[in-house]
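**Student:** My structure is in target-v4.cif, and what it holds is mmCIF, C-alpha atoms and all ligand atoms:
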data_target
#
loop_
_atom_site.label_atom_id
_atom_site.label_comp_id
_atom_site.auth_asym_id
_atom_site.auth_seq_id
_atom_site.Cartn_x
_atom_site.Cartn_y
_atom_site.Cartn_z
CA MET J 4 -24.94 -19.64 -27.89
CA GLU J 5 -24.08 -23.07 -26.57
CA ILE J 6 -21.91 -23.33 -23.43
CA ARG J 7 -19.23 -26.04 -23.70
CA ILE J 8 -18.39 -27.73 -20.43
CA LYS J 9 -15.04 -29.23 -19.50
CA LYS J 10 -15.04 -30.64 -16.00
CA THR J 11 -12.16 -30.98 -13.59
CA ASN J 12 -10.78 -34.49 -12.96
CA GLN J 13 -10.24 -33.73 -9.33
CA SER J 14 -12.55 -31.55 -7.28
CA ARG J 15 -10.93 -29.50 -4.51
CA LEU J 16 -14.15 -29.64 -2.48
CA PRO J 17 -13.08 -32.53 -0.17
CA HIS J 18 -10.18 -30.33 1.03
CA VAL J 19 -12.36 -27.32 1.87
CA ASP J 20 -14.05 -26.75 5.21
CA LEU J 21 -17.29 -25.05 4.19
CA SER J 22 -18.06 -24.19 7.80
CA ASN J 23 -15.00 -21.96 8.07
CA ILE J 24 -14.40 -19.88 4.97
CA PRO J 25 -12.78 -16.48 4.78
CA PHE J 26 -14.46 -14.10 2.29
CA GLY J 27 -12.91 -14.08 -1.16
CA ARG J 28 -10.11 -16.63 -0.95
CA VAL J 29 -11.69 -20.00 -1.70
CA PHE J 30 -12.90 -20.64 -5.25
CA THR J 31 -15.04 -23.47 -6.58
CA ASP J 32 -13.63 -25.87 -9.18
CA HIS J 33 -14.98 -24.22 -12.34
CA MET J 34 -15.47 -20.84 -13.95
CA PHE J 35 -17.49 -19.58 -16.89
CA ILE J 36 -15.55 -17.68 -19.55
CA MET J 37 -16.19 -16.19 -23.02
CA ASP J 38 -14.53 -13.70 -25.37
CA PHE J 39 -15.69 -10.66 -27.31
CA ASP J 40 -13.82 -10.40 -30.61
CA GLY J 41 -14.91 -6.88 -31.61
CA GLU J 42 -18.20 -8.08 -33.05
CA ALA J 43 -19.84 -10.62 -30.79
CA TRP J 44 -19.41 -12.73 -27.67
CA ARG J 45 -18.06 -16.15 -28.66
CA ASN J 46 -16.56 -19.33 -27.32
CA ALA J 47 -18.66 -19.61 -24.14
CA ARG J 48 -17.35 -22.34 -21.92
CA ILE J 49 -17.24 -23.62 -18.36
CA GLU J 50 -13.85 -25.01 -17.44
CA PRO J 51 -11.64 -25.62 -14.39
CA VAL J 52 -10.51 -22.39 -12.68
CA ASP J 53 -7.02 -21.61 -13.93
CA LYS J 54 -4.63 -18.70 -14.36
CA LEU J 55 -5.15 -16.47 -17.41
CA ARG J 56 -2.39 -15.60 -19.83
CA ILE J 57 -2.31 -11.79 -20.14
CA HIS J 58 -0.06 -9.76 -22.43
CA PRO J 59 1.95 -7.09 -20.54
CA ALA J 60 0.31 -4.41 -22.72
CA ASN J 61 -3.18 -5.58 -21.74
CA LEU J 62 -5.32 -2.46 -21.67
CA THR J 63 -7.04 -3.31 -18.38
CA LEU J 64 -3.72 -3.50 -16.57
CA HIS J 65 -2.80 0.00 -17.74
CA TYR J 66 -6.09 1.92 -17.87
CA GLY J 67 -8.54 -0.07 -15.76
CA GLN J 68 -11.26 -0.86 -18.30
CA SER J 69 -12.87 -3.46 -16.09
CA ILE J 70 -16.31 -3.96 -14.51
CA PHE J 71 -17.82 -6.57 -12.22
CA GLU J 72 -20.87 -7.69 -10.29
CA GLY J 73 -21.40 -9.39 -6.94
CA MET J 74 -24.36 -11.70 -6.45
CA LYS J 75 -25.29 -14.61 -4.21
CA ALA J 76 -26.93 -18.03 -4.40
CA ALA J 77 -28.20 -19.87 -1.34
CA LYS J 78 -29.90 -23.27 -1.02
CA ASN J 79 -33.47 -23.92 0.09
CA GLU J 80 -34.47 -26.79 2.42
CA GLU J 81 -34.60 -29.23 -0.49
CA GLY J 82 -31.07 -28.27 -1.52
CA VAL J 83 -32.14 -26.32 -4.63
CA PRO J 84 -29.83 -23.34 -5.31
CA LEU J 85 -31.71 -20.03 -5.48
CA LEU J 86 -30.33 -17.01 -7.35
CA PHE J 87 -31.28 -13.62 -5.93
CA ARG J 88 -32.45 -11.01 -8.47
CA PRO J 89 -30.11 -12.10 -11.30
CA GLU J 90 -31.84 -9.89 -13.88
CA MET J 91 -31.10 -6.78 -11.77
CA HIS J 92 -27.43 -7.75 -11.77
CA ALA J 93 -27.53 -8.26 -15.54
CA LYS J 94 -29.03 -4.80 -15.98
CA ARG J 95 -26.48 -3.18 -13.69
CA LEU J 96 -23.58 -4.95 -15.42
CA ASN J 97 -24.85 -3.59 -18.74
CA ALA J 98 -25.21 -0.09 -17.28
CA SER J 99 -21.59 -0.29 -16.09
CA ALA J 100 -20.57 -1.62 -19.53
CA ARG J 101 -22.17 1.37 -21.30
CA ARG J 102 -20.39 3.85 -19.01
CA MET J 103 -17.04 2.11 -19.53
CA CYS J 104 -17.30 1.62 -23.35
CA MET J 105 -17.66 -2.14 -23.03
CA PRO J 106 -19.99 -4.57 -24.83
CA GLU J 107 -23.27 -5.53 -23.19
CA ILE J 108 -24.33 -9.10 -22.53
CA GLU J 109 -27.82 -10.27 -23.30
CA GLU J 110 -29.65 -10.56 -19.97
CA GLU J 111 -30.98 -14.02 -20.67
CA PHE J 112 -27.55 -15.34 -21.59
CA PHE J 113 -25.96 -13.77 -18.50
CA ILE J 114 -28.52 -15.59 -16.34
CA GLU J 115 -28.09 -18.84 -18.30
CA ALA J 116 -24.31 -18.75 -17.80
CA ILE J 117 -24.71 -18.23 -14.05
CA THR J 118 -27.40 -20.89 -13.86
CA GLN J 119 -25.24 -23.52 -15.57
CA LEU J 120 -22.19 -22.68 -13.44
CA VAL J 121 -24.13 -22.72 -10.16
CA ASP J 122 -25.81 -25.95 -11.24
CA LEU J 123 -22.40 -27.57 -11.70
CA GLU J 124 -21.05 -26.13 -8.42
CA ARG J 125 -24.16 -26.74 -6.30
CA ARG J 126 -22.26 -28.97 -3.83
CA TRP J 127 -20.09 -25.94 -2.93
CA ILE J 128 -23.00 -23.91 -1.55
CA PRO J 129 -22.55 -23.71 2.23
CA ASP J 130 -25.49 -24.51 4.50
CA MET J 131 -24.77 -22.32 7.50
CA ASP J 132 -26.70 -19.20 8.32
CA GLY J 133 -24.98 -16.13 6.88
CA SER J 134 -23.05 -18.18 4.29
CA ALA J 135 -23.75 -18.46 0.58
CA LEU J 136 -22.20 -19.00 -2.81
CA TYR J 137 -20.85 -15.61 -3.90
CA ILE J 138 -20.95 -15.09 -7.67
CA ARG J 139 -18.45 -12.68 -9.22
CA PRO J 140 -19.05 -11.83 -12.91
CA LEU J 141 -16.10 -9.85 -14.31
CA MET J 142 -15.51 -8.20 -17.69
CA PHE J 143 -12.20 -6.72 -18.74
CA ALA J 144 -10.44 -5.35 -21.82
CA THR J 145 -7.97 -7.60 -23.62
CA ASP J 146 -6.54 -5.40 -26.39
CA GLU J 147 -2.76 -5.22 -26.32
CA PHE J 148 -2.32 -1.52 -26.97
CA LEU J 149 -0.93 1.42 -25.00
CA GLY J 150 -3.01 4.19 -26.58
CA VAL J 151 -5.78 5.50 -24.35
CA ALA J 152 -8.81 4.23 -26.26
CA PRO J 153 -11.56 1.70 -25.61
CA SER J 154 -10.53 -1.88 -26.21
CA LYS J 155 -12.18 -3.77 -29.04
CA LYS J 156 -11.71 -7.16 -27.42
CA PHE J 157 -12.86 -8.30 -23.99
CA THR J 158 -13.10 -11.32 -21.75
CA PHE J 159 -16.09 -12.01 -19.51
CA LEU J 160 -15.82 -14.60 -16.78
CA ILE J 161 -17.74 -15.72 -13.73
CA LEU J 162 -16.11 -17.01 -10.57
CA THR J 163 -18.05 -18.65 -7.75
CA LEU J 164 -16.89 -18.76 -4.15
CA PRO J 165 -18.37 -20.21 -0.98
CA VAL J 166 -18.38 -17.33 1.51
CA GLY J 167 -19.16 -16.57 5.09
CA PRO J 168 -20.23 -13.12 6.30
CA TYR J 169 -18.19 -10.15 4.99
CA TYR J 170 -18.48 -8.32 8.30
CA THR J 171 -18.91 -10.37 11.44
CA GLU J 172 -19.29 -7.38 13.78
CA PRO J 173 -20.90 -3.92 13.69
CA VAL J 174 -18.54 -1.48 12.00
CA LYS J 175 -16.82 1.83 12.81
CA LEU J 176 -16.77 4.39 10.00
CA LEU J 177 -14.62 7.45 9.43
CA ALA J 178 -16.37 10.19 7.41
CA SER J 179 -13.45 11.50 5.38
CA ASP J 180 -13.08 15.25 4.92
CA GLN J 181 -9.88 14.72 2.95
CA TYR J 182 -10.39 12.01 0.32
CA ILE J 183 -13.25 11.14 -2.02
CA ARG J 184 -14.33 7.94 -3.73
CA ALA J 185 -16.23 9.45 -6.67
CA ALA J 186 -17.68 12.71 -7.92
CA VAL J 187 -20.83 13.47 -9.90
CA GLY J 188 -19.96 13.11 -13.57
CA GLY J 189 -17.37 10.42 -12.82
CA VAL J 190 -17.79 6.65 -12.66
CA GLY J 191 -19.08 6.24 -9.10
CA GLU J 192 -22.28 4.58 -10.26
CA ALA J 193 -20.46 2.01 -12.38
CA LYS J 194 -19.18 -1.11 -10.68
CA THR J 195 -15.72 -0.56 -12.08
CA ALA J 196 -12.33 -1.48 -10.68
CA GLY J 197 -11.06 2.12 -10.36
CA ASN J 198 -13.66 3.05 -7.74
CA TYR J 199 -12.29 0.33 -5.49
CA ALA J 200 -8.67 1.23 -6.27
CA ALA J 201 -9.42 4.86 -5.32
CA SER J 202 -10.70 3.71 -1.94
CA LEU J 203 -7.65 1.69 -0.90
CA PHE J 204 -5.28 4.35 0.42
CA PRO J 205 -7.87 6.34 2.44
CA SER J 206 -9.32 3.05 3.76
CA GLU J 207 -5.87 1.94 4.90
CA LEU J 208 -5.35 5.24 6.70
CA ALA J 209 -8.74 4.85 8.36
CA GLN J 210 -7.95 1.25 9.36
CA LYS J 211 -4.69 2.37 10.95
CA GLN J 212 -6.79 4.68 13.12
CA GLY J 213 -9.02 1.79 14.19
CA PHE J 214 -11.91 2.23 11.73
CA ASP J 215 -13.31 -0.52 9.51
CA GLN J 216 -14.19 1.62 6.51
CA VAL J 217 -14.52 5.15 5.18
CA LEU J 218 -17.90 6.84 4.92
CA TRP J 219 -17.52 8.76 1.66
CA LEU J 220 -18.70 12.34 1.33
CA ASP J 221 -19.34 14.21 -1.91
CA GLY J 222 -16.37 15.47 -3.89
CA VAL J 223 -17.34 19.14 -4.12
CA GLU J 224 -18.27 20.27 -0.62
CA PHE J 225 -17.30 17.22 1.48
CA LYS J 226 -20.78 17.55 2.91
CA TYR J 227 -23.23 15.04 1.45
CA ILE J 228 -22.95 11.39 2.37
CA GLN J 229 -22.53 8.96 -0.52
CA GLU J 230 -21.83 5.36 0.53
CA VAL J 231 -19.23 3.15 2.20
CA GLY J 232 -17.69 1.54 -0.89
CA THR J 233 -18.43 -2.01 0.22
CA MET J 234 -22.04 -1.04 0.96
CA ASN J 235 -24.76 1.61 0.76
CA ILE J 236 -25.86 3.37 3.93
CA PHE J 237 -29.17 3.95 5.77
CA PHE J 238 -29.96 6.25 8.72
CA VAL J 239 -32.96 5.83 11.01
CA ILE J 240 -33.87 9.32 12.22
CA GLY J 241 -37.08 9.64 14.24
CA ASN J 242 -39.65 7.62 12.31
CA GLN J 243 -37.97 7.94 8.94
CA ILE J 244 -35.38 5.75 7.27
CA ILE J 245 -33.19 7.96 5.12
CA THR J 246 -30.68 6.92 2.49
CA PRO J 247 -28.64 9.04 0.07
CA GLU J 248 -30.35 9.30 -3.28
CA PRO J 249 -28.35 7.93 -6.24
CA ASN J 250 -26.85 10.93 -8.04
CA GLY J 251 -24.41 9.27 -10.41
CA ALA J 252 -21.62 9.04 -7.81
CA ILE J 253 -23.22 6.30 -5.69
CA LEU J 254 -23.51 2.62 -6.59
CA LYS J 255 -27.16 1.63 -7.06
CA GLY J 256 -27.05 -1.33 -4.71
CA ILE J 257 -29.41 -4.22 -5.38
CA THR J 258 -29.58 -5.03 -1.67
CA ARG J 259 -30.25 -1.30 -1.12
CA ASP J 260 -33.16 -1.47 -3.57
CA SER J 261 -34.45 -4.69 -1.95
CA PHE J 262 -34.33 -3.13 1.53
CA ILE J 263 -36.21 -0.03 0.38
CA THR J 264 -38.92 -2.25 -1.12
CA ILE J 265 -39.17 -4.46 1.99
CA LEU J 266 -39.24 -1.47 4.38
CA ARG J 267 -42.02 0.20 2.36
CA ASP J 268 -43.94 -3.10 2.32
CA TRP J 269 -43.66 -3.00 6.12
CA ASP J 270 -45.28 0.46 5.97
CA LEU J 271 -42.14 2.20 7.14
CA GLU J 272 -41.27 5.55 5.64
CA VAL J 273 -38.13 5.47 3.48
CA VAL J 274 -36.81 8.69 2.01
CA GLU J 275 -34.14 8.87 -0.70
CA ARG J 276 -32.61 12.32 -0.67
CA PRO J 277 -29.32 14.14 -0.20
CA VAL J 278 -28.16 13.59 3.40
CA SER J 279 -25.51 15.88 4.85
CA ILE J 280 -23.03 14.73 7.47
CA ASP J 281 -23.93 17.81 9.58
CA GLU J 282 -27.53 16.66 9.67
CA ILE J 283 -26.40 13.27 11.00
CA VAL J 284 -24.25 14.90 13.68
CA ASP J 285 -27.24 17.11 14.67
CA ALA J 286 -29.59 14.11 14.79
CA TYR J 287 -27.09 12.30 17.03
CA ASP J 288 -26.76 15.34 19.30
CA ASN J 289 -30.50 15.81 19.66
CA GLY J 290 -31.13 12.08 20.23
CA THR J 291 -33.18 11.37 17.08
CA LEU J 292 -30.52 9.24 15.31
CA LYS J 293 -31.63 5.74 16.31
CA GLU J 294 -29.74 3.41 14.00
CA VAL J 295 -27.30 3.41 11.11
CA PHE J 296 -26.69 0.39 8.90
CA GLY J 297 -25.05 -0.59 5.65
CA SER J 298 -26.45 -2.81 2.88
CA GLY J 299 -24.66 -4.84 0.24
CA THR J 300 -24.56 -8.23 -1.43
CA ALA J 301 -21.43 -9.26 0.44
CA ALA J 302 -22.23 -7.32 3.62
CA VAL J 303 -26.03 -8.03 3.63
CA ALA J 304 -27.09 -5.73 6.54
CA VAL J 305 -24.51 -4.48 9.02
CA ASN J 306 -24.99 -2.14 11.93
CA VAL J 307 -22.71 0.86 12.31
CA LYS J 308 -21.53 1.31 15.88
CA GLN J 309 -19.59 4.51 15.40
CA ILE J 310 -19.20 7.34 12.90
CA THR J 311 -16.37 9.78 13.40
CA TYR J 312 -16.41 13.11 11.57
CA LYS J 313 -13.80 15.74 12.44
CA ASP J 314 -14.08 16.11 16.25
CA SER J 315 -17.39 14.32 16.60
CA ASP J 316 -17.57 10.67 17.60
CA LEU J 317 -21.09 9.42 17.13
CA GLU J 318 -21.32 6.26 19.22
CA LEU J 319 -24.52 4.47 18.39
CA ASP J 320 -26.47 2.57 21.00
CA LEU J 321 -26.85 -0.84 19.35
CA SER J 322 -29.42 -1.95 21.92
CA LYS J 323 -31.83 0.48 20.22
CA ALA J 324 -31.07 -0.86 16.73
CA SER J 325 -33.57 -3.37 15.34
CA ILE J 326 -34.18 -2.58 11.68
CA ALA J 327 -30.94 -3.98 10.21
CA ASP J 328 -31.50 -7.25 12.05
CA ARG J 329 -35.08 -7.53 10.84
CA LEU J 330 -33.98 -6.81 7.28
CA LYS J 331 -31.19 -9.35 7.49
CA GLN J 332 -33.58 -12.04 8.65
CA GLU J 333 -36.12 -11.16 5.99
CA ILE J 334 -33.65 -11.15 3.11
CA SER J 335 -31.95 -14.34 4.35
CA GLY J 336 -35.36 -15.99 4.58
CA ILE J 337 -36.18 -14.96 1.01
CA ARG J 338 -32.77 -16.07 -0.23
CA HIS J 339 -33.10 -19.47 1.46
CA GLY J 340 -36.72 -19.95 0.42
CA SER J 341 -38.08 -20.05 4.00
CA ILE J 342 -39.97 -16.77 3.40
CA ASP J 343 -42.32 -16.61 0.41
CA ASP J 344 -40.85 -14.86 -2.60
CA THR J 345 -43.83 -12.58 -3.26
CA ARG J 346 -41.82 -10.14 -5.41
CA ASP J 347 -40.40 -12.60 -7.94
CA TRP J 348 -36.81 -12.04 -6.82
CA ILE J 349 -35.74 -15.69 -6.72
CA LYS J 350 -34.70 -17.91 -9.63
CA PRO J 351 -34.25 -21.57 -8.70
CA VAL J 352 -31.43 -23.48 -10.40
CA LEU J 353 -32.84 -26.78 -11.50
CA GLU J 354 -30.53 -29.68 -12.15
CA GLN J 355 -29.31 -29.71 -15.79
CA VAL J 356 -25.59 -30.42 -15.82
CA GLN J 357 -24.40 -33.74 -14.43
CA ALA J 358 -21.95 -32.98 -11.61
C1 LIG D 1 -20.56 -6.86 -3.16
O1 LIG D 1 -21.19 -6.61 -2.14
O2 LIG D 1 -20.88 -7.81 -3.90
C2 LIG D 1 -19.43 -6.07 -3.59
O3 LIG D 1 -19.12 -6.06 -4.75
C3 LIG D 1 -18.62 -5.39 -2.59
C4 LIG D 1 -17.26 -5.99 -2.61
C5 LIG D 1 -16.25 -4.96 -2.58
C6 LIG D 1 -17.08 -7.08 -1.65
#
Could you render the structure from this file as structure tokens?
**Tutor:**
Amino acid sequence: MEIRIKKTNQSRLPHVDLSNIPFGRVFTDHMFIMDFDGEAWRNARIEPVDKLRIHPANLTLHYGQSIFEGMKAAKNEEGVPLLFRPEMHAKRLNASARRMCMPEIEEEFFIEAITQLVDLERRWIPDMDGSALYIRPLMFATDEFLGVAPSKKFTFLILTLPVGPYYTEPVKLLASDQYIRAAVGGVGEAKTAGNYAASLFPSELAQKQGFDQVLWLDGVEFKYIQEVGTMNIFFVIGNQIITPEPNGAILKGITRDSFITILRDWDLEVVERPVSIDEIVDAYDNGTLKEVFGSGTAAVAVNVKQITYKDSDLELDLSKASIADRLKQEISGIRHGSIDDTRDWIKPVLEQVQA
């Protein structure tokens, strides 16, 4: 399918300070958008970012049939934008689509749409360390119908945003023994809006108590660690790096997968298995818990400085933590092309569209 391009007459870029950008608030000039009419995706176009007209009975607004992705592009030394593992994001979007009764998008077309948009917006990619162009593909239902049934029509769009780091400091987590994010059999593995909505109230409560985020436990026993919501989680215990194994309730993070691959390539032992919160408290008490960190596209690699669970405050000694930093440098190097891409993770965006 051909992608029609309508460019803005007036770029907002001259009014944006790319060296000082809050996460998620500054958008580039254009977005990609196309519609599913019940049979096929049609009318693919890149056009200036604008408000959408939504009917008040829009099915997404009422029942949350909506999925998204989060990816990044950075520039190499020659200024060529590099996409990081776009085919993995296409696959995960389609997995979310299947779970949420939504139409899939051909992988190649998904990558082509992102490539053309990033090509057009290449001047928006920030140069500074830790910054990148964040890419937010989003699909949502557009039927105007109040029955609880899958929509037949959908919109898919892609926003791009210059971003700085999501977390600028190590984080404090509250392991919740009261609220859950997702349960096995639910939609925890899908990147769907409702998972994030479910996290808002408990996260606000945690923030009021001085924590940055909630560390989610399983929904049956409140015992097994799942993830943080904005990121997956890793524990360094003795000589092993342990991370909860995906069980249907945990998002299969692409940064998580990349870190596991890199760590194994470094000959470090990574184990994916159920991890109980009691085991983490024990490891802290007996001195074998060396480091805890989160992984995510937005977050990259972030150290955890404290986990609180019931009466236990696990305060981690960050001077002993080194793995998250090493991973961050490695993945940033790969993303910026200063470290060889030996695993075929990078797709350069060559100049096609005239900016
Ligand atoms: C991402 O890391 O891309 C995410 O989607 C997490 C988001 C909530 C910022």
**Student:** Return the single residue from J:Leu149, J:Leu120, J:Leu319, J:Ala47 that is closest to J:Ala286, with distances computed using all atoms listed in the file.
**Tutor:**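 Among the listed residues, J:Leu319 lies closest to J:Ala286.
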**Student:** Please write out the residues within 8 Å of ligand LIG 1 (chain D) as a ChimeraX atom specification, counting all atoms listed in the file.
**Tutor:** /J:71-74,137,139,169,194,199,232-234,299-303
**Student:** Excluding J:Pro249 and any residue of its chain fewer than 4 positions from it, enumerate the residues within 9 Å of it, using all atoms listed in the file, and give them as a ChimeraX atom specification.
**Tutor:** /J:192,229,253-255,275-277
**Student:** Would you kindly return, as a PDB file with C-alpha atoms, in the coordinates of the input, each protein, DNA or RNA residue with an atom no farther than 10 Å from any atom of J:Thr291, considering only C-alpha atoms and excluding same-chain residues fewer than 6 positions away?
**Tutor:**
ATOM      1  CA  VAL J 239     -32.960   5.830  11.010  1.00  0.00           C
ATOM      2  CA  ILE J 240     -33.870   9.320  12.220  1.00  0.00           C
ATOM      3  CA  GLY J 241     -37.080   9.640  14.240  1.00  0.00           C
ATOM      4  CA  ASN J 242     -39.650   7.620  12.310  1.00  0.00           C
ATOM      5  CA  ILE J 283     -26.400  13.270  11.000  1.00  0.00           C
ATOM      6  CA  ASP J 285     -27.240  17.110  14.670  1.00  0.00           C
TER       7      ASP J 285
END
**Student:** Find the residues near J:Thr311: any atom within 10 Å, counting all atoms listed in the file, skip ones fewer than 3 places away on the same chain, and give them as a list in words.
**Tutor:**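 My list of contacting residues is Lys175, Leu176, Leu177, Ala178, Ser179, Phe214, Val217, Leu218, Val284, Asp314, Ser315, Asp316, Leu317 and Glu318 of chain J.
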**Student:** Emit the selected residues as a PDB file, keeping the file's coordinate frame, including C-alpha atoms.
**Tutor:**
ATOM      1  CA  LYS J 175     -16.820   1.830  12.810  1.00  0.00           C
ATOM      2  CA  LEU J 176     -16.770   4.390  10.000  1.00  0.00           C
ATOM      3  CA  LEU J 177     -14.620   7.450   9.430  1.00  0.00           C
ATOM      4  CA  ALA J 178     -16.370  10.190   7.410  1.00  0.00           C
ATOM      5  CA  SER J 179     -13.450  11.500   5.380  1.00  0.00           C
ATOM      6  CA  PHE J 214     -11.910   2.230  11.730  1.00  0.00           C
ATOM      7  CA  VAL J 217     -14.520   5.150   5.180  1.00  0.00           C
ATOM      8  CA  LEU J 218     -17.900   6.840   4.920  1.00  0.00           C
ATOM      9  CA  VAL J 284     -24.250  14.900  13.680  1.00  0.00           C
ATOM     10  CA  ASP J 314     -14.080  16.110  16.250  1.00  0.00           C
ATOM     11  CA  SER J 315     -17.390  14.320  16.600  1.00  0.00           C
ATOM     12  CA  ASP J 316     -17.570  10.670  17.600  1.00  0.00           C
ATOM     13  CA  LEU J 317     -21.090   9.420  17.130  1.00  0.00           C
ATOM     14  CA  GLU J 318     -21.320   6.260  19.220  1.00  0.00           C
TER      15      GLU J 318
END
**Student:** I'd like the interatomic distance between atom CA of J:Ile8 and atom CA of J:Asp38, to a tenth of an Å.
**Tutor:**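 Computed distance, atom CA of J:Ile8 to atom CA of J:Asp38, equals 15.4 Å.
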**Student:** Just how far from atom CA of J:Ile24 is atom CA of J:Gly167, in Å to one decimal?
**Tutor:**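 Atom CA of J:Ile24 lies at a distance of 5.8 Å from atom CA of J:Gly167.
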**Student:** Please determine, counting all atoms listed in the file, which residue among J:Ile280, J:Val83, J:Ile183, J:Ala77 has the shortest atom-to-atom distance to J:Met131.
**Tutor:**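 Closest residue, counting all atoms listed in the file: J:Ala77.
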**Student:** Give me the residues within 10 Å of J:Leu164 as a PDB file with C-alpha atoms, in the coordinates of the input, counting all atoms listed in the file and dropping any in the same chain fewer than 5 places off.
**Tutor:**
ATOM      1  CA  ILE J  24     -14.400 -19.880   4.970  1.00  0.00           C
ATOM      2  CA  PHE J  26     -14.460 -14.100   2.290  1.00  0.00           C
ATOM      3  CA  GLY J  27     -12.910 -14.080  -1.160  1.00  0.00           C
ATOM      4  CA  ARG J  28     -10.110 -16.630  -0.950  1.00  0.00           C
ATOM      5  CA  VAL J  29     -11.690 -20.000  -1.700  1.00  0.00           C
ATOM      6  CA  PHE J  30     -12.900 -20.640  -5.250  1.00  0.00           C
ATOM      7  CA  THR J  31     -15.040 -23.470  -6.580  1.00  0.00           C
ATOM      8  CA  ASP J  32     -13.630 -25.870  -9.180  1.00  0.00           C
ATOM      9  CA  LYS J  75     -25.290 -14.610  -4.210  1.00  0.00           C
ATOM     10  CA  GLU J 124     -21.050 -26.130  -8.420  1.00  0.00           C
ATOM     11  CA  TRP J 127     -20.090 -25.940  -2.930  1.00  0.00           C
ATOM     12  CA  ILE J 128     -23.000 -23.910  -1.550  1.00  0.00           C
ATOM     13  CA  PRO J 129     -22.550 -23.710   2.230  1.00  0.00           C
ATOM     14  CA  ALA J 135     -23.750 -18.460   0.580  1.00  0.00           C
ATOM     15  CA  LEU J 136     -22.200 -19.000  -2.810  1.00  0.00           C
ATOM     16  CA  TYR J 137     -20.850 -15.610  -3.900  1.00  0.00           C
ATOM     17  CA  ILE J 138     -20.950 -15.090  -7.670  1.00  0.00           C
ATOM     18  CA  ARG J 139     -18.450 -12.680  -9.220  1.00  0.00           C
TER      19      ARG J 139
END
**Student:** What gap, in Å, lies between atom CA of J:Gln68 and atom CA of J:Thr195?
**Tutor:**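 Here the two named atoms are 7.7 Å from each other.
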**Student:** Looking at all atoms listed in the file, which of J:Phe35, J:Glu230, J:Arg95, J:Ala186 is the one that sits closest to J:Arg7?
**Tutor:**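 Distance minimum relative to J:Arg7 lands on J:Phe35.
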**Student:** Compare J:Ile342, J:Lys156, J:Pro89, J:Met34 by their minimum atom-to-atom distance to J:Leu55, counting only C-alpha atoms, and give me the closest one.
**Tutor:**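 Selected residue with least distance to J:Leu55: J:Met34.
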**Student:** Within 8 Å of J:Val305, counting all atoms listed in the file, which residues show up once you throw out same-chain ones fewer than 6 positions away? Write them as a ChimeraX atom specification, please.
**Tutor:** /J:170,172-174,296-298,327
**Student:** Pick out the closest residue to J:Val307 from this set: J:Val52, J:Thr264, J:Glu333, J:Lys293. Count only C-alpha atoms.
**Tutor:**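 Using only C-alpha atoms, the shortest distance to J:Val307 belongs to J:Lys293.
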**Student:** Which is closer to J:Val121 than all the others in J:Arg259, J:Arg88, J:Lys78, J:Lys308, using all atoms listed in the file?
**Tutor:**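 With all atoms listed in the file as the atom set, the closest residue is J:Lys78.
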